[in-house]
Structures are given as C-alpha cells and as structure tokens.
>>> print(open('protein19.txt').read())   # compact mmCIF, C-alpha atoms
# COMPACT_ATOMS: atom_id res chain seq x y z
CA MET E 227 197.77 25.08 -99.04
CA VAL E 228 198.32 21.54 -100.36
CA THR E 229 199.89 20.49 -97.07
CA LYS E 230 196.93 21.86 -95.08
CA LEU E 231 194.49 20.06 -97.40
CA ILE E 232 196.33 16.76 -96.93
CA GLU E 233 196.36 17.28 -93.16
CA PHE E 234 192.64 18.10 -93.19
CA ARG E 235 191.82 15.00 -95.21
CA GLY E 236 193.97 12.93 -92.91
CA GLU E 237 192.11 14.24 -89.89
CA MET E 238 188.77 13.52 -91.55
CA MET E 239 189.84 10.00 -92.47
CA GLY E 240 191.09 9.48 -88.93
CA VAL E 241 187.79 10.61 -87.41
CA SER E 242 185.84 8.41 -89.83
CA PHE E 243 188.04 5.39 -89.09
CA LEU E 244 187.77 5.85 -85.33
CA GLU E 245 184.00 6.34 -85.50
CA ASN E 246 183.57 3.18 -87.59
CA LEU E 247 185.81 1.28 -85.18
CA ARG E 248 183.79 2.56 -82.21
CA GLN E 249 180.51 1.52 -83.81
CA LYS E 250 181.80 -1.95 -84.70
CA THR E 251 183.22 -2.46 -81.22
CA GLU E 252 179.97 -1.33 -79.61
CA LEU E 253 177.97 -3.63 -81.90
CA GLU E 254 180.12 -6.68 -81.15
CA PHE E 255 179.94 -5.94 -77.41
CA ASN E 256 176.13 -5.77 -77.60
CA VAL E 257 176.01 -8.98 -79.65
CA LEU E 258 178.20 -10.80 -77.11
CA LYS E 259 176.16 -9.48 -74.18
CA PHE E 260 172.90 -10.55 -75.83
CA ARG E 261 174.24 -14.05 -76.48
CA ILE E 262 175.37 -14.39 -72.85
CA ASP E 263 172.05 -13.08 -71.54
CA ASN E 264 170.15 -15.56 -73.74
CA LEU E 265 172.24 -18.74 -73.38
CA GLY E 266 169.17 -20.95 -73.06
CA LYS E 267 167.48 -19.56 -76.16
CA GLN E 268 167.31 -21.40 -79.49
CA ASN E 269 170.07 -20.48 -81.96
CA PHE E 270 169.63 -19.57 -85.63
CA LYS E 271 171.84 -18.45 -88.52
CA CYS E 272 171.13 -15.20 -90.33
CA PRO E 273 171.53 -15.61 -94.13
CA ILE E 274 172.12 -11.86 -94.50
CA CYS E 275 175.01 -11.17 -92.12
CA GLY E 276 176.09 -14.67 -91.09
CA TYR E 277 175.37 -14.20 -87.37
CA TYR E 278 174.71 -17.42 -85.44
CA GLY E 279 172.98 -17.32 -82.09
CA PRO E 280 169.70 -16.34 -80.42
CA PHE E 281 167.44 -13.75 -82.06
CA ARG E 282 165.54 -10.99 -80.30
CA ASP E 283 161.83 -11.23 -79.43
CA LEU E 284 159.79 -8.14 -80.28
CA SER E 285 156.67 -6.78 -78.57
CA MET E 286 154.44 -5.52 -81.37
CA PRO E 287 152.00 -2.58 -81.25
CA THR E 288 149.38 -5.05 -82.52
CA GLY E 289 149.22 -6.62 -79.04
CA SER E 290 151.27 -9.71 -79.95
CA VAL E 291 154.86 -10.82 -79.38
CA ALA E 292 157.00 -11.98 -82.32
CA LYS E 293 159.51 -14.50 -80.99
CA HIS E 294 162.96 -15.01 -82.56
CA GLU E 295 162.17 -12.10 -84.88
CA ARG E 296 165.18 -9.80 -85.16
CA CYS E 297 168.80 -10.65 -85.89
CA ILE E 298 170.84 -8.99 -83.18
CA ARG E 299 173.67 -8.06 -85.56
CA CYS E 300 172.10 -6.76 -88.80
CA ARG E 301 168.60 -6.13 -87.31
CA SER E 302 166.86 -8.05 -90.11
CA TRP E 303 163.34 -9.40 -89.57
CA THR E 304 161.90 -12.74 -90.66
CA ARG E 305 160.68 -11.34 -93.98
CA HIS E 306 164.14 -9.99 -94.83
CA ARG E 307 165.87 -13.30 -94.19
CA LEU E 308 163.36 -15.21 -96.32
CA GLN E 309 163.72 -12.61 -99.06
CA GLN E 310 167.51 -12.99 -98.97
CA LEU E 311 167.22 -16.75 -99.47
CA VAL E 312 164.82 -16.22 -102.38
CA LEU E 313 167.20 -13.70 -103.96
CA ASN E 314 170.08 -16.15 -103.57
CA GLU E 315 168.11 -18.74 -105.53
CA LEU E 316 166.96 -16.24 -108.13
CA PHE E 317 170.41 -14.78 -108.77
CA LYS E 318 171.90 -18.22 -109.46
CA ASP E 319 170.23 -18.18 -112.90
CA TYR E 320 169.72 -14.43 -113.38
CA ASP E 321 172.71 -12.27 -114.30
CA ILE E 322 172.20 -8.90 -112.60
CA SER E 323 175.62 -7.41 -113.33
CA THR E 324 174.21 -5.44 -116.29
CA LYS E 325 170.75 -4.78 -114.82
CA LYS E 326 169.01 -1.73 -113.36
CA ILE E 327 167.01 -1.98 -110.12
CA LEU E 328 164.39 0.23 -108.48
CA HIS E 329 164.38 -0.34 -104.72
CA PHE E 330 161.45 1.01 -102.68
CA ALA E 331 161.72 1.66 -98.92
CA PRO E 332 165.35 0.54 -99.09
CA GLU E 333 166.60 -1.59 -96.21
CA LYS E 334 170.17 -0.81 -95.18
CA PHE E 335 171.38 -4.40 -95.40
CA PHE E 336 169.88 -4.86 -98.89
CA ASN E 337 170.74 -1.57 -100.56
CA LYS E 338 174.49 -2.00 -100.01
CA ASN E 339 174.40 -5.40 -101.70
CA PHE E 340 172.13 -4.17 -104.50
CA GLN E 341 174.46 -1.25 -105.21
CA ARG E 342 177.37 -3.67 -105.44
CA LEU E 343 175.62 -6.33 -107.54
CA PHE E 344 173.51 -4.31 -109.99
CA GLN E 345 174.94 -2.05 -112.65
CA ASP E 346 172.44 0.73 -111.84
CA TYR E 347 170.67 1.25 -108.51
CA ILE E 348 167.85 3.70 -107.78
CA SER E 349 166.28 3.96 -104.31
CA ALA E 350 162.85 5.51 -103.79
CA ASP E 351 160.26 6.21 -101.12
CA ILE E 352 157.40 8.61 -100.58
CA GLN E 353 158.84 10.07 -97.35
CA MET E 354 162.13 8.39 -96.39
CA GLU E 355 165.15 10.70 -96.26
CA GLY E 356 168.32 9.86 -98.16
CA VAL E 357 166.71 8.08 -101.13
CA ASP E 358 167.54 8.92 -104.72
CA VAL E 359 163.94 9.76 -105.63
CA LYS E 360 160.99 10.75 -103.43
CA CYS E 361 157.84 9.59 -105.17
CA ASP E 362 154.43 7.96 -104.85
CA MET E 363 154.33 4.38 -106.08
CA THR E 364 151.00 5.07 -107.77
CA ASN E 365 152.62 7.78 -109.92
CA LEU E 366 156.20 6.84 -110.71
CA PRO E 367 158.40 9.52 -112.35
CA PHE E 368 160.18 7.00 -114.59
CA GLU E 369 160.03 6.03 -118.25
CA ASP E 370 158.22 2.96 -119.52
CA ALA E 371 160.38 -0.20 -119.41
CA GLU E 372 163.22 1.59 -117.57
CA PHE E 373 164.06 -1.10 -114.99
CA ASP E 374 164.98 -4.78 -115.09
CA PHE E 375 164.16 -5.36 -111.43
CA VAL E 376 161.87 -3.81 -108.81
CA CYS E 377 162.03 -4.63 -105.10
CA ALA E 378 159.45 -3.34 -102.59
CA CYS E 379 159.22 -5.30 -99.34
CA HIS E 380 156.11 -4.64 -97.21
CA VAL E 381 155.05 -1.52 -99.09
CA LEU E 382 151.79 -2.35 -100.87
CA GLU E 383 149.85 -2.92 -97.64
CA HIS E 384 150.29 0.83 -97.04
CA ILE E 385 148.80 1.85 -100.41
CA LYS E 386 145.04 2.13 -100.81
CA ASP E 387 145.08 2.01 -104.61
CA ASP E 388 147.35 -1.00 -104.86
CA ASP E 389 146.10 -1.81 -108.37
CA LYS E 390 147.45 1.53 -109.56
CA ALA E 391 150.77 0.87 -107.81
CA LEU E 392 151.05 -2.58 -109.39
CA SER E 393 150.19 -1.09 -112.76
CA GLU E 394 152.96 1.48 -112.38
CA ILE E 395 155.49 -1.16 -111.34
CA ARG E 396 154.55 -3.21 -114.39
CA ARG E 397 154.85 -0.13 -116.62
CA VAL E 398 158.42 0.72 -115.59
CA LEU E 399 159.62 -2.89 -115.92
CA LYS E 400 161.30 -4.06 -119.10
CA PRO E 401 160.15 -7.14 -121.00
CA ASN E 402 161.33 -10.15 -118.96
CA GLY E 403 161.57 -7.88 -115.91
CA ILE E 404 161.11 -9.18 -112.36
CA ALA E 405 159.50 -7.70 -109.25
CA ILE E 406 159.80 -8.86 -105.63
CA LEU E 407 156.71 -7.52 -103.83
CA PRO E 408 156.05 -9.26 -100.49
CA VAL E 409 153.41 -8.12 -98.00
CA PRO E 410 152.61 -9.53 -94.54
CA ILE E 411 150.26 -12.52 -94.90
CA LEU E 412 147.99 -12.48 -91.85
CA GLY E 413 145.12 -14.85 -92.60
CA LYS E 414 143.24 -16.69 -95.31
CA LYS E 415 141.31 -13.79 -96.83
CA THR E 416 142.38 -10.19 -97.42
CA ILE E 417 140.49 -7.60 -95.39
CA GLU E 418 140.35 -3.98 -96.55
CA TYR E 419 140.33 -1.28 -93.86
CA PRO E 420 138.17 1.85 -94.02
CA GLU E 421 141.22 3.90 -92.97
CA PRO E 422 144.90 3.35 -92.11
CA ASN E 423 145.48 1.73 -88.73
CA PRO E 424 148.29 3.47 -86.77
CA ASN E 425 148.72 0.35 -84.62
CA GLU E 426 149.67 -1.56 -87.78
CA TRP E 427 152.15 0.98 -89.11
CA ASP E 428 149.31 2.64 -91.06
CA HIS E 429 148.37 -0.50 -92.99
CA VAL E 430 145.27 0.00 -95.13
CA ARG E 431 144.51 -3.72 -95.31
CA CYS E 432 145.18 -7.06 -93.69
CA PRO E 433 146.57 -9.15 -96.57
CA GLY E 434 145.52 -12.81 -96.70
CA GLU E 435 146.79 -15.80 -98.61
CA ASP E 436 144.59 -14.72 -101.53
CA TYR E 437 146.28 -11.32 -101.85
CA TYR E 438 148.91 -12.36 -104.39
CA ASP E 439 146.12 -13.37 -106.79
CA ARG E 440 145.85 -9.63 -107.55
CA TYR E 441 149.32 -9.68 -109.05
CA LEU E 442 148.17 -11.98 -111.87
CA LYS E 443 146.32 -9.05 -113.44
CA PHE E 444 149.69 -7.43 -114.12
CA PHE E 445 152.28 -10.24 -114.33
CA SER E 446 152.35 -13.35 -116.49
CA ILE E 447 153.81 -15.55 -113.74
CA VAL E 448 153.81 -15.14 -109.96
CA LYS E 449 155.98 -17.73 -108.26
CA LEU E 450 155.51 -18.04 -104.50
CA TYR E 451 158.32 -19.06 -102.16
CA SER E 452 157.50 -19.86 -98.55
CA SER E 453 159.30 -20.58 -95.30
CA THR E 454 158.89 -24.30 -95.99
CA ASP E 455 161.21 -24.04 -99.03
CA PHE E 456 164.34 -23.38 -96.96
CA SER E 457 166.12 -24.57 -93.82
CA ASP E 458 164.62 -23.73 -90.42
CA ILE E 459 168.12 -22.76 -89.22
CA ASN E 460 167.71 -19.39 -90.96
CA GLN E 461 164.67 -18.49 -88.80
CA ILE E 462 162.24 -17.66 -91.59
CA TYR E 463 159.03 -18.53 -89.75
CA ILE E 464 156.87 -16.06 -87.85
CA TYR E 465 156.57 -17.18 -84.22
CA GLU E 466 153.56 -15.20 -83.04
CA ASP E 467 150.39 -15.92 -81.09
CA ARG E 468 147.76 -14.61 -83.51
CA THR E 469 144.80 -15.79 -81.46
CA VAL E 470 144.99 -12.42 -79.67
CA TRP E 471 143.29 -10.80 -82.69
CA PRO E 472 140.89 -9.15 -83.07
CA ASN E 473 141.75 -6.83 -80.20
CA GLU E 474 141.66 -3.12 -79.44
CA PRO E 475 144.78 -2.24 -81.49
CA CYS E 476 143.67 -4.44 -84.42
CA PRO E 477 139.89 -4.78 -84.43
CA LEU E 478 139.72 -6.11 -88.01
CA ARG E 479 142.54 -8.64 -87.97
CA PRO E 480 141.24 -12.23 -87.97
CA PRO E 481 142.45 -14.76 -85.38
CA THR E 482 144.74 -17.54 -86.56
CA GLU E 483 145.51 -20.72 -84.65
CA GLY E 484 149.06 -21.72 -83.87
CA GLU E 485 152.22 -19.86 -82.88
CA LYS E 486 154.40 -20.71 -85.90
CA HIS E 487 153.35 -19.30 -89.27
CA ILE E 488 154.88 -19.34 -92.73
CA ASP E 489 155.91 -16.22 -94.58
CA ILE E 490 155.59 -15.94 -98.39
CA ILE E 491 157.73 -14.08 -100.95
CA PRO E 492 156.27 -13.56 -104.45
CA VAL E 493 158.55 -13.35 -107.50
CA CYS E 494 156.61 -11.64 -110.28
CA TYR E 495 157.63 -12.06 -113.92
CA VAL E 496 156.53 -9.68 -116.69
>>> encode(input="protein19.txt", output="structure tokens")
Amino acid sequence: MVTKLIEFRGEMMGVSFLENLRQKTELEFNVLKFRIDNLGKQNFKCPICGYYGPFRDLSMPTGSVAKHERCIRCRSWTRHRLQQLVLNELFKDYDISTKKILHFAPEKFFNKNFQRLFQDYISADIQMEGVDVKCDMTNLPFEDAEFDFVCACHVLEHIKDDDKALSEIRRVLKPNGIAILPVPILGKKTIEYPEPNPNEWDHVRCPGEDYYDRYLKFFSIVKLYSSTDFSDINQIYIYEDRTVWPNEPCPLRPPTEGEKHIDIIPVCYV
C-alpha cells in the first residue's frame, strides 16, 4: 500500500513537473517569436517579471488602441507596472512581514508576491472563482480594523455606491492602515453613467483627475504617484488616442488630446 502510494505521488509529481516545463517552454517560445516579429518596436523593461523587449498593442472595445500596453511575458498592463513601482517604494519603509492584506480582484502576478511577503493574505471578489472570500465591497464580511493593507486595482469604477465601498474599506483597516485603490483616469472631471457600459467592462463611471478627492472623506492622507515619478523604461504611460471619444461604444467619455497619458496610483493612509 505504501509502495503504491509513493508510486502514485511520483507519477503525480512527474505529470506536474512535465506540465510546468511544457508551459514554460511554450511561454519562452512565444516571447522569442514576439520579439523577432517586432524587432523594430520600442523596447521596455517590465518591473514585475523583468522582461525586456517590445510590449503588445491592444485593440480596446472602447474603439481605441492602447500601444505598448501588455508585457508579453507576465501579461501585466500599464497600471500594474506603475503599481509595482509604487509598492517597491512603499515597502522600503513599511515592514509587511507581520501584516495582513485584503486583496480584491487578485492579479496572478501580484497575489503570489503578496502571499510570500505578507504574514496573512486574503483574496476577495464578488464573482471571481478561486478567491478566499466571495463578497461585495459595499458589505464586507470582516471585522472592524482587521487588515493592515487593502489593495483593489481598477475595482471602484465598477461600483455604483463607491462611497459605501470606501467606507467599508476604511472600516476594516487598522489604525495606520494603508489602501492602494487606483482607477482608470480618463479626463479632467468624473462623469457618472446612468447604467454600466458593457463596452467599458461594465464601468459605472468615467473617473477624472478629480476622482481621488472622494477618498479624502475617508482617509487622512491620499498621496498620488504618477507615471512621471518613475523611469520611462518601465512603460508606465498610457499610449492611446483618446480623441476618438465620444463614440458609439463610449458615448459619455470625453475626448482628450494627445496619445501619451499619465496614469495615477493613490496611496491612502488611515
């Protein structure tokens, strides 16, 4: 019986090892092919996975094209790379080895690092499979002051009652707690939608540069980091022609001049 169990485990380990090897080989082949196919394209360095080379352009359902948007290796977007650089700065002076984090809509490349760096890690989402807790951000099933850190990247633009969500995030944070709560900044002024727009991933608003002012009702300090705070080599700008708006997919989005736009990450302190 013991011998059969050892053999079974060995077979399972062998299958797992071979599958991981196949996936890694396939990924590296695709990375190499993409680099060869895009030899004339500008090169960048991803601060998440370390990849150096051209990034993928993405055609968006909003009617625009985001150039240099996705890292070909880890599949991070501009917002993720800027967030990684902000976290690197933050963690220089903030010991997280004994801290507890709540991570909403967990990104694969972040949750592995968070699980390794934080003492306690809880993932959550209202519909995503595989998270620790399925819940609505406007009604969190956690105790007051339970978490040291909350991270929710591009979540609040999907929530109609964002004040209630921000209130709940503030409630579950400990004194001196920190929240990272970026949303897409798409103009000067925030525009509320009458209903979710399926062409914008069911966004209920178009956040503007004034959106983070709302956070000051719940947090004592909101420090804003932008693409201009870090090296261009990391590709943390949004290269997108936003003069195409408003259009049929996005009738309420305002037009914005230029094809290179900053992104902004807010660090919110209790």
>>> closest_atom_pairs(input="protein19.txt", of="region 257-339 of chain E", to="region 456-480 of chain E", cutoff="8 Å", atoms="only C-alpha atoms", output="CSV")
residue,atom,partner,partner_atom,distance
E:Asn269,CA,E:Ile459,CA,7.9
E:Phe270,CA,E:Ile459,CA,5.0
E:Lys271,CA,E:Asn460,CA,4.9
E:Cys272,CA,E:Asn460,CA,5.4
E:Pro273,CA,E:Asn460,CA,6.2
E:Pro287,CA,E:Pro475,CA,7.2
E:Thr288,CA,E:Pro475,CA,5.5
E:Gly289,CA,E:Pro475,CA,6.7
E:Ser290,CA,E:Asp467,CA,6.4
E:Val291,CA,E:Glu466,CA,5.9
E:Ala292,CA,E:Glu466,CA,4.8
E:Lys293,CA,E:Tyr465,CA,5.1
E:His294,CA,E:Tyr465,CA,6.9
E:Glu295,CA,E:Ile464,CA,7.3
E:Thr304,CA,E:Ile462,CA,5.0
E:Arg305,CA,E:Ile462,CA,6.9
E:Arg307,CA,E:Ile462,CA,6.2
E:Leu308,CA,E:Ile462,CA,5.4
E:Leu311,CA,E:Phe456,CA,7.7
>>> residues_around(input="protein19.txt", residues="Val448 (chain E)", least_positions_apart="3", cutoff="12 Å", atoms="all atoms listed in the file", output="PDB file with C-alpha atoms, keeping the file's coordinate frame")
ATOM      1  CA  ILE E 404     161.110  -9.180-112.360  1.00  0.00           C
ATOM      2  CA  ALA E 405     159.500  -7.700-109.250  1.00  0.00           C
ATOM      3  CA  ILE E 406     159.800  -8.860-105.630  1.00  0.00           C
ATOM      4  CA  LEU E 407     156.710  -7.520-103.830  1.00  0.00           C
ATOM      5  CA  PRO E 408     156.050  -9.260-100.490  1.00  0.00           C
ATOM      6  CA  TYR E 437     146.280 -11.320-101.850  1.00  0.00           C
ATOM      7  CA  TYR E 438     148.910 -12.360-104.390  1.00  0.00           C
ATOM      8  CA  ASP E 439     146.120 -13.370-106.790  1.00  0.00           C
ATOM      9  CA  ARG E 440     145.850  -9.630-107.550  1.00  0.00           C
ATOM     10  CA  TYR E 441     149.320  -9.680-109.050  1.00  0.00           C
ATOM     11  CA  LEU E 442     148.170 -11.980-111.870  1.00  0.00           C
ATOM     12  CA  LYS E 443     146.320  -9.050-113.440  1.00  0.00           C
ATOM     13  CA  PHE E 444     149.690  -7.430-114.120  1.00  0.00           C
ATOM     14  CA  PHE E 445     152.280 -10.240-114.330  1.00  0.00           C
ATOM     15  CA  TYR E 451     158.320 -19.060-102.160  1.00  0.00           C
ATOM     16  CA  ILE E 490     155.590 -15.940 -98.390  1.00  0.00           C
ATOM     17  CA  ILE E 491     157.730 -14.080-100.950  1.00  0.00           C
ATOM     18  CA  PRO E 492     156.270 -13.560-104.450  1.00  0.00           C
ATOM     19  CA  VAL E 493     158.550 -13.350-107.500  1.00  0.00           C
ATOM     20  CA  CYS E 494     156.610 -11.640-110.280  1.00  0.00           C
ATOM     21  CA  TYR E 495     157.630 -12.060-113.920  1.00  0.00           C
ATOM     22  CA  VAL E 496     156.530  -9.680-116.690  1.00  0.00           C
TER      23      VAL E 496
END
>>> atom_distance(input="protein19.txt", atom1="CA of Glu394 (chain E)", atom2="CA of Ile447 (chain E)")
17.1 Å
>>> atom_distance(input="protein19.txt", atom1="CA of Tyr320 (chain E)", atom2="CA of Glu372 (chain E)")
17.8 Å
>>> atom_distance(input="protein19.txt", atom1="CA of Asp263 (chain E)", atom2="CA of Trp303 (chain E)")
20.4 Å
>>> closest_residue(input="protein19.txt", among="E:Asp346, E:Asp428, E:Asp283, E:Asp374", to="Gly403 (chain E)", atoms="only C-alpha atoms")
E:Asp374
>>> closest_residue(input="protein19.txt", among="E:His329, E:Arg431, E:His384, E:Arg301", to="Val357 (chain E)", atoms="all atoms listed in the file")
E:His329
>>> residues_around(input="protein19.txt", residues="region 380-383 of chain E", least_positions_apart="4", cutoff="9 Å", atoms="only C-alpha atoms", output="number ranges by chain")
E: 305, 330-331, 363, 387-388, 391-392, 407-410, 428-433
>>> residues_around(input="protein19.txt", residues="Gly434 (chain E)", least_positions_apart="2", cutoff="6 Å", atoms="only C-alpha atoms", output="mmCIF file with C-alpha atoms, in the frame of the given file")
data_model
loop_
_atom_site.group_PDB
_atom_site.id
_atom_site.type_symbol
_atom_site.label_atom_id
_atom_site.label_comp_id
_atom_site.auth_asym_id
_atom_site.auth_seq_id
_atom_site.Cartn_x
_atom_site.Cartn_y
_atom_site.Cartn_z
ATOM 1 C CA ILE E 411 150.260 -12.520 -94.900
ATOM 2 C CA LEU E 412 147.990 -12.480 -91.850
ATOM 3 C CA GLY E 413 145.120 -14.850 -92.600
ATOM 4 C CA LYS E 414 143.240 -16.690 -95.310
ATOM 5 C CA LYS E 415 141.310 -13.790 -96.830
ATOM 6 C CA THR E 416 142.380 -10.190 -97.420
ATOM 7 C CA ASP E 436 144.590 -14.720 -101.530
ATOM 8 C CA TYR E 437 146.280 -11.320 -101.850
#
>>> build_atoms(input="protein19.txt", residues="region 454-472 of chain E", atoms="N, CA, C and O atoms", output="PDB file, keeping the file's coordinate frame")
ATOM      1  N   THR E 454     158.690 -22.855 -95.911  1.00  0.00           N
ATOM      2  CA  THR E 454     158.890 -24.300 -95.990  1.00  0.00           C
ATOM      3  C   THR E 454     159.900 -24.691 -97.075  1.00  0.00           C
ATOM      4  O   THR E 454     160.325 -25.847 -97.136  1.00  0.00           O
ATOM      5  N   ASP E 455     160.294 -23.745 -97.925  1.00  0.00           N
ATOM      6  CA  ASP E 455     161.210 -24.040 -99.030  1.00  0.00           C
ATOM      7  C   ASP E 455     162.673 -23.995 -98.621  1.00  0.00           C
ATOM      8  O   ASP E 455     163.550 -24.334 -99.429  1.00  0.00           O
ATOM      9  N   PHE E 456     162.956 -23.562 -97.384  1.00  0.00           N
ATOM     10  CA  PHE E 456     164.340 -23.380 -96.960  1.00  0.00           C
ATOM     11  C   PHE E 456     164.536 -23.943 -95.550  1.00  0.00           C
ATOM     12  O   PHE E 456     163.572 -24.296 -94.874  1.00  0.00           O
ATOM     13  N   SER E 457     165.784 -23.988 -95.111  1.00  0.00           N
ATOM     14  CA  SER E 457     166.120 -24.570 -93.820  1.00  0.00           C
ATOM     15  C   SER E 457     165.618 -23.726 -92.660  1.00  0.00           C
ATOM     16  O   SER E 457     165.743 -22.492 -92.664  1.00  0.00           O
ATOM     17  N   ASP E 458     165.092 -24.404 -91.629  1.00  0.00           N
ATOM     18  CA  ASP E 458     164.620 -23.730 -90.420  1.00  0.00           C
ATOM     19  C   ASP E 458     165.752 -22.984 -89.700  1.00  0.00           C
ATOM     20  O   ASP E 458     165.489 -22.061 -88.922  1.00  0.00           O
ATOM     21  N   ILE E 459     166.997 -23.371 -89.939  1.00  0.00           N
ATOM     22  CA  ILE E 459     168.120 -22.760 -89.220  1.00  0.00           C
ATOM     23  C   ILE E 459     168.206 -21.269 -89.477  1.00  0.00           C
ATOM     24  O   ILE E 459     168.744 -20.516 -88.669  1.00  0.00           O
ATOM     25  N   ASN E 460     167.650 -20.817 -90.606  1.00  0.00           N
ATOM     26  CA  ASN E 460     167.710 -19.390 -90.960  1.00  0.00           C
ATOM     27  C   ASN E 460     166.657 -18.544 -90.257  1.00  0.00           C
ATOM     28  O   ASN E 460     166.626 -17.333 -90.439  1.00  0.00           O
ATOM     29  N   GLN E 461     165.771 -19.146 -89.496  1.00  0.00           N
ATOM     30  CA  GLN E 461     164.670 -18.490 -88.800  1.00  0.00           C
ATOM     31  C   GLN E 461     163.862 -17.625 -89.765  1.00  0.00           C
ATOM     32  O   GLN E 461     163.969 -16.398 -89.786  1.00  0.00           O
ATOM     33  N   ILE E 462     163.063 -18.318 -90.564  1.00  0.00           N
ATOM     34  CA  ILE E 462     162.240 -17.660 -91.590  1.00  0.00           C
ATOM     35  C   ILE E 462     160.756 -17.949 -91.366  1.00  0.00           C
ATOM     36  O   ILE E 462     159.956 -17.764 -92.273  1.00  0.00           O
ATOM     37  N   TYR E 463     160.425 -18.388 -90.151  1.00  0.00           N
ATOM     38  CA  TYR E 463     159.030 -18.530 -89.750  1.00  0.00           C
ATOM     39  C   TYR E 463     158.648 -17.378 -88.827  1.00  0.00           C
ATOM     40  O   TYR E 463     159.514 -16.764 -88.185  1.00  0.00           O
ATOM     41  N   ILE E 464     157.363 -17.093 -88.745  1.00  0.00           N
ATOM     42  CA  ILE E 464     156.870 -16.060 -87.850  1.00  0.00           C
ATOM     43  C   ILE E 464     156.301 -16.735 -86.611  1.00  0.00           C
ATOM     44  O   ILE E 464     155.278 -17.422 -86.681  1.00  0.00           O
ATOM     45  N   TYR E 465     156.992 -16.588 -85.493  1.00  0.00           N
ATOM     46  CA  TYR E 465     156.570 -17.180 -84.220  1.00  0.00           C
ATOM     47  C   TYR E 465     155.745 -16.125 -83.470  1.00  0.00           C
ATOM     48  O   TYR E 465     156.305 -15.233 -82.820  1.00  0.00           O
ATOM     49  N   GLU E 466     154.436 -16.235 -83.585  1.00  0.00           N
ATOM     50  CA  GLU E 466     153.560 -15.200 -83.040  1.00  0.00           C
ATOM     51  C   GLU E 466     152.207 -15.801 -82.691  1.00  0.00           C
ATOM     52  O   GLU E 466     151.616 -16.515 -83.493  1.00  0.00           O
ATOM     53  N   ASP E 467     151.719 -15.492 -81.506  1.00  0.00           N
ATOM     54  CA  ASP E 467     150.390 -15.920 -81.090  1.00  0.00           C
ATOM     55  C   ASP E 467     149.361 -14.987 -81.722  1.00  0.00           C
ATOM     56  O   ASP E 467     149.138 -13.868 -81.244  1.00  0.00           O
ATOM     57  N   ARG E 468     148.710 -15.446 -82.781  1.00  0.00           N
ATOM     58  CA  ARG E 468     147.760 -14.610 -83.510  1.00  0.00           C
ATOM     59  C   ARG E 468     146.312 -14.855 -83.073  1.00  0.00           C
ATOM     60  O   ARG E 468     145.396 -14.323 -83.687  1.00  0.00           O
ATOM     61  N   THR E 469     146.155 -15.619 -82.004  1.00  0.00           N
ATOM     62  CA  THR E 469     144.800 -15.790 -81.460  1.00  0.00           C
ATOM     63  C   THR E 469     144.380 -14.564 -80.670  1.00  0.00           C
ATOM     64  O   THR E 469     143.217 -14.462 -80.264  1.00  0.00           O
ATOM     65  N   VAL E 470     145.319 -13.629 -80.423  1.00  0.00           N
ATOM     66  CA  VAL E 470     144.990 -12.420 -79.670  1.00  0.00           C
ATOM     67  C   VAL E 470     144.137 -11.457 -80.512  1.00  0.00           C
ATOM     68  O   VAL E 470     143.540 -10.518 -79.968  1.00  0.00           O
ATOM     69  N   TRP E 471     144.089 -11.666 -81.820  1.00  0.00           N
ATOM     70  CA  TRP E 471     143.290 -10.800 -82.690  1.00  0.00           C
ATOM     71  C   TRP E 471     141.890 -11.410 -82.893  1.00  0.00           C
ATOM     72  O   TRP E 471     141.753 -12.631 -82.867  1.00  0.00           O
ATOM     73  N   PRO E 472     140.879 -10.625 -83.117  1.00  0.00           N
ATOM     74  CA  PRO E 472     140.890  -9.150 -83.070  1.00  0.00           C
ATOM     75  C   PRO E 472     140.993  -8.633 -81.640  1.00  0.00           C
ATOM     76  O   PRO E 472     140.507  -9.263 -80.711  1.00  0.00           O
TER      77      PRO E 472
END
